[in-house]
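Read the structure below first, then the notes.
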Amino acid sequence: MALLEVRDLEVEFPLGRRTLQAIHGVSFDLDKGERLGIVGESGAGKSVAAFSILKLIAKPGRISAGQVIFDGDDLAGLSASEMRSVRGNRISMIFQDPMMTLNPVLSIGTQMVECLHAHRNISGAEAKRIAIDKLREVKIPSPEERFENYPHQLSGGMRQRAVIAIALLTDPAIIIADEPTTALDVTIQAEIMMLMLDLCRNHGVALMLITHDLAVVSQVTQRIVVMYAGRVVEQGPTQDIIADARHPYTRGLIKALPQQNQAGARLNQIRGSMPTLDAIPVGCTFSPRCDFADNLCFEDEPKLRDIDNHRVACHFAEKIVDQLKAGDADEQ
Amino acid sequence: MKKISLFLDSDFVFRFKRDRIAQISFLVFLTFVICAALAPLLSPFDPYDPMQIDIMDSETPPIWENEEEGSPFLLGTDAQGRDMLSAILYGTRISLMIGVFAVMLQAFLGVSIGLISGYMGGRVESFFMRLADIQLSFSTLMVAIIGLAIFQAAFGTELYNQVAIYMLILVIGIAEWPQYARTVRASVLAERRKEYVDAARVIGLPRKRIMFRHILPNTLSPILVISTVQVANAIISEASLSFLGLGMPVNRPSLGSLINSGFEFVFSGSWWITFIPAFVLIILIISINMLGDWLRDVLNPRLYKD
C-alpha cells in the first residue's frame, strides 16, 4: 500500500451562487521514499492539490469528494488537533519564497524550536541541539551563529536552506515542496535541488515536488503527474514521460523547453492559455488549444486510461504519438 | 549586553540622534515622568495632608508676583491655601498614571479583539466590528460622563472619591478600545495573507500561537504609534472629566481638577491657579504628541526622506 493515496479528489470554491471546481477527480499515489513531480501551468491546481492534502485550503474552498489516505488513515476523518499533529510532523511543506515563509520578526532559531515544541515533548536545550544539527545537515556554515540570526540577515539561498531545515526537523515521512526554487537564481536553484535530492535519499523521505519546470522534475523525480485545468492528464515514470509523452499537452510542454542541440531553432509554444475556472470547455479541457482536436474531443471528456506504463487522458493518445513521431522524423 | 548594543546600533537610535525635535520632546517627557515618579520627594509640601494646608495662605501669588518677601510657595497657592507646585507635581503623577494605565487597558482590549476578529473573520469579526462602530458613534466623553455619573448616583460621591482613579482608568480604557481594535484588525488582515502564516499553519502550530506569537509582533508598529497618541488623548479625557467635576476629587487633584478648581477665581485676579496647571498640561500633551509624530515617521519606511 502506498504511503499517501489521493483518490478522486475534488476541490471546489463556492463563489456567490456559482461554484468553481479547482480540482476535478485527481488521483495519485506516493510510495515511501518516492520522489513525485507534479507539473503544470500556473492555475492547473497543483498548489490547491497540495494544500488539500494538508486540509489547509483557503476559505471558502472545500474538499467536496474523494479521499486522502495517509499511512492507512483517511485524513478527512481526523479532528483539527489530530490534523495538526500530522502537519509539520509527518508531512512538511516548503514554499516558493523563503523571504515570505519565514516570520521577519522571529529569529531562525525561535522558529525552529517552536516547531519542535509543537510536536515533541522536549526541553529547550534538546530542541536547540536538534535544530543546529538540522542546520548543519542542510550545509549552512556556522549553524550556531545562524541559529540566532533573523531572516533578513541571511541570503536568499541560505534562507531556503533554513526553510528546508525546518521542514526536516521532525523527520517527516513526506515533504511537499511547492516550487521551492522559483524565487532563487539559477545557480542556487541547482544547489538547492541537489541538496533536497540528497536529503530525501539519505533520510528515505518521500518528496512531492510541485513545479512548472520540467527540467528540474526530470532530474529529481521518479514519477511525474501532469495536471491541466484541475485534472490529471498524464502520469507515469519520469523517463517514459520525458522520452515518450502521450498527451499532446505534455508533448507541448516538453517541446517548449530550450534544447541545447538545436542552434537557432524557434522555441515551440502551446498556443492560447489555460481556461479560467469559470470557463472550462465542454469535452476535453485541452481541446481548444490542441492541434489534434476532433469533434469527439469537443464533446466527450476523455478518461485516464493505461497505455504502456503511462496513464493518459486523451482520445487519440496512440494515434497522435505516431503522427508526432512521424512529424519529428520529417523535421530531422 | 548584546541586546543593548544591538539596540544602540539600530536605525531607531540613529534616527533619534539626528532629530532635534524628538530629543527635546523626549527630554521634556522624561522630565515629566521623573517629576511624577519622585513627586513625594520633590514637592515641598504634601498636598494630601490637610494639616499642612492653612486657609490663611490661600490665593498667594507666585513668588515673582508676590510683594511679600520669603514666601515658601514658589508657584503660589490655590483657594484653600494649598501649594501649587506640590499640587501640580502630584497632579501630573495622577494624570500620567491614568493616561498610561487607561491606554494599557485600551490596548489589551483592543489588540485582543482586533487580533481575534482579524484572524478568525466571519461572524466573530462582524460582531466585534459592529460593536466598535456602535461605540465609535458615541463620543468618548459621552460614554465616560454617563458611566461616571451613573456610578456616582448609584454609590454616592463618598465611595466614588475613594475609587475615582480606578474608575477613570476603567472608563477611559473601555471607551477607546475600538481605535486599537480597528487598527490591529486592518494590519492583521494584511499579515494573515502572507506566506509565513501559511507556513506556520503547515508546521502545525496551534491557532493561538500563530495569532499572538507570529502575527501580533508584525503589527506592533501601528500599535506603538497609536499608543502615544492615545496616552495624550487619555490624559486630555481625564482632564476634561475632572474639569466637568466627574474626575478626580478636589482633595486628590489631577491636572484637570486643578484647572477646574481655579476656574472661578480667574476673573478675581488669581489666574495662576488655573493657568499654571493648564500650561503644564499643554506642554505634557505637546511633548507626547511630538514623540508620537516622530515615532510614526520612523516606523513608516515610506516616509523616509533622506
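So you can find residues: chains in the C-alpha cells are A, B, ... in the order shown, residues in each start at 1, and ligands are numbered from 1 in order.
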
Could you pull the residues within 9 Å of Met129 in chain B, counting only C-alpha atoms, minus those fewer than 5 positions along the same chain, as a tab-separated table (two decimals) with C-alpha atoms, in the first residue's frame?
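Listing of result_21.tsv after writing:
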chain	number	residue	atom	x	y	z
B	114	GLY	CA	-8.70	43.19	16.77
B	117	SER	CA	-11.61	39.31	14.68
B	124	VAL	CA	-16.78	36.90	15.09
B	134	ILE	CA	-21.65	51.45	17.61
B	178	PRO	CA	-12.25	50.48	19.09
B	181	ALA	CA	-9.29	47.05	17.51
B	182	ARG	CA	-9.75	48.65	14.10

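The protein and nucleic acid residues lying at most 7 Å from Thr211 in chain A are Ile38, Val39, Asp178 and Glu179 of chain A, with only C-alpha atoms considered and sequence neighbours fewer than 3 positions away removed.
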
From the options A:Ser81, A:Asn309, A:Ser42, A:Asn121, which residue's atoms come nearest to chain B, counting only C-alpha atoms?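 Of A:Ser81, A:Asn309, A:Ser42, A:Asn121, the one nearest chain B, counting only C-alpha atoms, is A:Ser81.
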
Show which residues sit within 10 Å of Ala58 in chain A, as a PyMOL selection string. Count only C-alpha atoms, and ignore same-chain residues fewer than 2 positions away. (chain A and resi 13+48+51-52+55-56+60-62) or (chain B and resi 193+198)

Please report as number ranges by chain which residues of chain B come no farther than 8 Å from chain A, using only C-alpha atoms. B: 194-199, 201-206, 214, 217-218

Apply DSSP to the backbone of this structure and, from range 133-295 of chain A, keep only the residues in strand (DSSP E); write these as a PDB file with C-alpha atoms, in the first residue's frame.
ATOM      1  CA  ILE A 174       6.653  13.322   3.209  1.00  0.00           C
ATOM      2  CA  ILE A 175       7.924  16.724   2.176  1.00  0.00           C
ATOM      3  CA  ILE A 176       5.701  18.711  -0.146  1.00  0.00           C
ATOM      4  CA  ALA A 177       7.802  21.293  -1.967  1.00  0.00           C
ATOM      5  CA  ASP A 178       5.735  23.943  -3.741  1.00  0.00           C
ATOM      6  CA  ALA A 206       9.081  10.931   0.103  1.00  0.00           C
ATOM      7  CA  LEU A 207       9.130  14.149  -1.925  1.00  0.00           C
ATOM      8  CA  MET A 208       6.216  15.711  -3.720  1.00  0.00           C
ATOM      9  CA  LEU A 209       7.749  18.343  -5.954  1.00  0.00           C
ATOM     10  CA  ILE A 210       5.324  20.847  -7.397  1.00  0.00           C
ATOM     11  CA  THR A 211       6.783  22.855 -10.233  1.00  0.00           C
ATOM     12  CA  ARG A 223       7.397   9.693 -11.419  1.00  0.00           C
ATOM     13  CA  ILE A 224       5.502  12.619 -12.910  1.00  0.00           C
ATOM     14  CA  VAL A 225       1.883  13.677 -12.712  1.00  0.00           C
ATOM     15  CA  VAL A 226       0.921  16.260 -15.339  1.00  0.00           C
ATOM     16  CA  MET A 227      -2.029  18.430 -14.392  1.00  0.00           C
ATOM     17  CA  TYR A 228      -4.144  20.631 -16.611  1.00  0.00           C
ATOM     18  CA  ARG A 231      -7.323  17.340 -13.943  1.00  0.00           C
ATOM     19  CA  VAL A 232      -4.570  14.789 -14.262  1.00  0.00           C
ATOM     20  CA  VAL A 233      -3.915  14.442 -17.981  1.00  0.00           C
ATOM     21  CA  GLU A 234      -0.962  12.110 -17.852  1.00  0.00           C
ATOM     22  CA  GLN A 235       1.099  10.243 -15.337  1.00  0.00           C
ATOM     23  CA  GLY A 236       3.928   7.763 -15.439  1.00  0.00           C
ATOM     24  CA  PRO A 237       7.604   7.165 -14.751  1.00  0.00           C
TER      25      PRO A 237
END

One decimal, Å: what's the distance from CA of Ala22 in chain A over to CA of Lys59 in chain A, could you say?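 The value is 13.0 Å.
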
note - CA of Glu125 in chain B and CA of Val143 in chain B are separated by 23.1 Å

Just want the 10 Å neighbourhood of Arg271 in chain A, counted on only C-alpha atoms, with same-chain residues fewer than 5 positions away dropped. Output as a list in words. Gly252, Pro288, Arg289, Cys290 and Asp291 of chain A

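The smallest atom-to-atom distance between Ser221 in chain B and any of B:Ser242, B:Gln52, B:Pro253, B:Leu299, using only C-alpha atoms, is found for B:Leu299.
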
Which value, in Å to one decimal, gives the distance between CA of Met104 in chain B and CA of Asn251 in chain B? 26.1 Å

If you run DSSP on the backbone here, which positions in range 76-123 of chain B get helix (DSSP H, G or I)? Please write them as an MDAnalysis selection string. chainID B and resid 84:120 122:123

What does the file look like for those residues with N, CA and C atoms, as a short mmCIF file (atom, residue, chain, number, x, y, z; two decimals), in the first residue's frame?
data_model
loop_
_atom_site.label_atom_id
_atom_site.label_comp_id
_atom_site.auth_asym_id
_atom_site.auth_seq_id
_atom_site.Cartn_x
_atom_site.Cartn_y
_atom_site.Cartn_z
N MET B 84 0.80 75.27 45.08
CA MET B 84 0.52 74.89 43.68
C MET B 84 1.58 73.94 43.13
N LEU B 85 2.86 74.23 43.45
CA LEU B 85 3.93 73.38 42.91
C LEU B 85 3.72 71.93 43.33
N SER B 86 3.47 71.71 44.61
CA SER B 86 3.25 70.34 45.08
C SER B 86 2.02 69.74 44.42
N ALA B 87 0.95 70.54 44.36
CA ALA B 87 -0.29 70.03 43.78
C ALA B 87 -0.07 69.65 42.32
N ILE B 88 0.72 70.46 41.60
CA ILE B 88 0.95 70.16 40.19
C ILE B 88 1.79 68.89 40.03
N LEU B 89 2.81 68.74 40.88
CA LEU B 89 3.64 67.53 40.79
C LEU B 89 2.78 66.28 41.04
N TYR B 90 1.99 66.33 42.11
CA TYR B 90 1.12 65.19 42.40
C TYR B 90 0.07 65.00 41.30
N GLY B 91 -0.42 66.15 40.79
CA GLY B 91 -1.45 66.08 39.74
C GLY B 91 -0.91 65.46 38.47
N THR B 92 0.34 65.82 38.10
CA THR B 92 0.97 65.23 36.92
C THR B 92 1.09 63.73 37.10
N ARG B 93 1.45 63.34 38.33
CA ARG B 93 1.59 61.93 38.64
C ARG B 93 0.27 61.20 38.38
N ILE B 94 -0.82 61.78 38.88
CA ILE B 94 -2.13 61.13 38.69
C ILE B 94 -2.52 61.14 37.22
N SER B 95 -2.32 62.27 36.53
CA SER B 95 -2.70 62.34 35.12
C SER B 95 -1.93 61.32 34.29
N LEU B 96 -0.62 61.24 34.54
CA LEU B 96 0.18 60.29 33.77
C LEU B 96 -0.23 58.86 34.07
N MET B 97 -0.49 58.59 35.33
CA MET B 97 -0.88 57.23 35.70
C MET B 97 -2.17 56.83 35.00
N ILE B 98 -3.14 57.76 35.07
CA ILE B 98 -4.42 57.46 34.42
C ILE B 98 -4.20 57.27 32.92
N GLY B 99 -3.39 58.17 32.32
CA GLY B 99 -3.13 58.06 30.88
C GLY B 99 -2.53 56.73 30.53
N VAL B 100 -1.46 56.34 31.23
CA VAL B 100 -0.74 55.12 30.87
C VAL B 100 -1.59 53.88 31.13
N PHE B 101 -2.21 53.80 32.32
CA PHE B 101 -2.97 52.59 32.62
C PHE B 101 -4.23 52.48 31.76
N ALA B 102 -4.87 53.62 31.50
CA ALA B 102 -6.05 53.56 30.64
C ALA B 102 -5.66 53.07 29.26
N VAL B 103 -4.49 53.51 28.76
CA VAL B 103 -4.06 53.07 27.43
C VAL B 103 -3.68 51.60 27.46
N MET B 104 -3.10 51.15 28.57
CA MET B 104 -2.80 49.72 28.66
C MET B 104 -4.07 48.89 28.59
N LEU B 105 -5.10 49.37 29.26
CA LEU B 105 -6.38 48.67 29.22
C LEU B 105 -6.97 48.70 27.81
N GLN B 106 -6.93 49.89 27.21
CA GLN B 106 -7.42 50.01 25.82
C GLN B 106 -6.68 49.06 24.91
N ALA B 107 -5.34 49.05 25.06
CA ALA B 107 -4.52 48.23 24.18
C ALA B 107 -4.83 46.77 24.39
N PHE B 108 -4.95 46.36 25.65
CA PHE B 108 -5.24 44.96 25.94
C PHE B 108 -6.56 44.54 25.28
N LEU B 109 -7.61 45.34 25.53
CA LEU B 109 -8.92 45.01 24.96
C LEU B 109 -8.88 45.07 23.43
N GLY B 110 -8.38 46.22 22.94
CA GLY B 110 -8.44 46.48 21.50
C GLY B 110 -7.57 45.51 20.72
N VAL B 111 -6.36 45.24 21.20
CA VAL B 111 -5.46 44.36 20.46
C VAL B 111 -6.02 42.93 20.44
N SER B 112 -6.50 42.45 21.59
CA SER B 112 -7.06 41.09 21.59
C SER B 112 -8.24 41.00 20.65
N ILE B 113 -9.15 41.96 20.76
CA ILE B 113 -10.36 41.89 19.94
C ILE B 113 -9.99 42.04 18.46
N GLY B 114 -9.09 42.98 18.16
CA GLY B 114 -8.70 43.19 16.77
C GLY B 114 -8.02 41.97 16.18
N LEU B 115 -7.15 41.37 16.98
CA LEU B 115 -6.40 40.20 16.53
C LEU B 115 -7.35 39.04 16.25
N ILE B 116 -8.25 38.80 17.20
CA ILE B 116 -9.16 37.67 17.05
C ILE B 116 -10.10 37.90 15.88
N SER B 117 -10.65 39.13 15.78
CA SER B 117 -11.61 39.31 14.68
C SER B 117 -10.90 39.33 13.33
N GLY B 118 -9.67 39.87 13.28
CA GLY B 118 -8.95 39.85 12.01
C GLY B 118 -8.59 38.45 11.58
N TYR B 119 -8.18 37.62 12.54
CA TYR B 119 -7.70 36.29 12.17
C TYR B 119 -8.84 35.32 11.92
N MET B 120 -9.88 35.39 12.77
CA MET B 120 -10.98 34.44 12.63
C MET B 120 -11.91 34.81 11.48
N GLY B 122 -15.31 36.17 9.51
CA GLY B 122 -16.68 35.67 9.61
C GLY B 122 -17.52 36.39 10.64
N ARG B 123 -18.31 35.60 11.38
CA ARG B 123 -19.28 36.18 12.31
C ARG B 123 -18.60 36.90 13.46
#
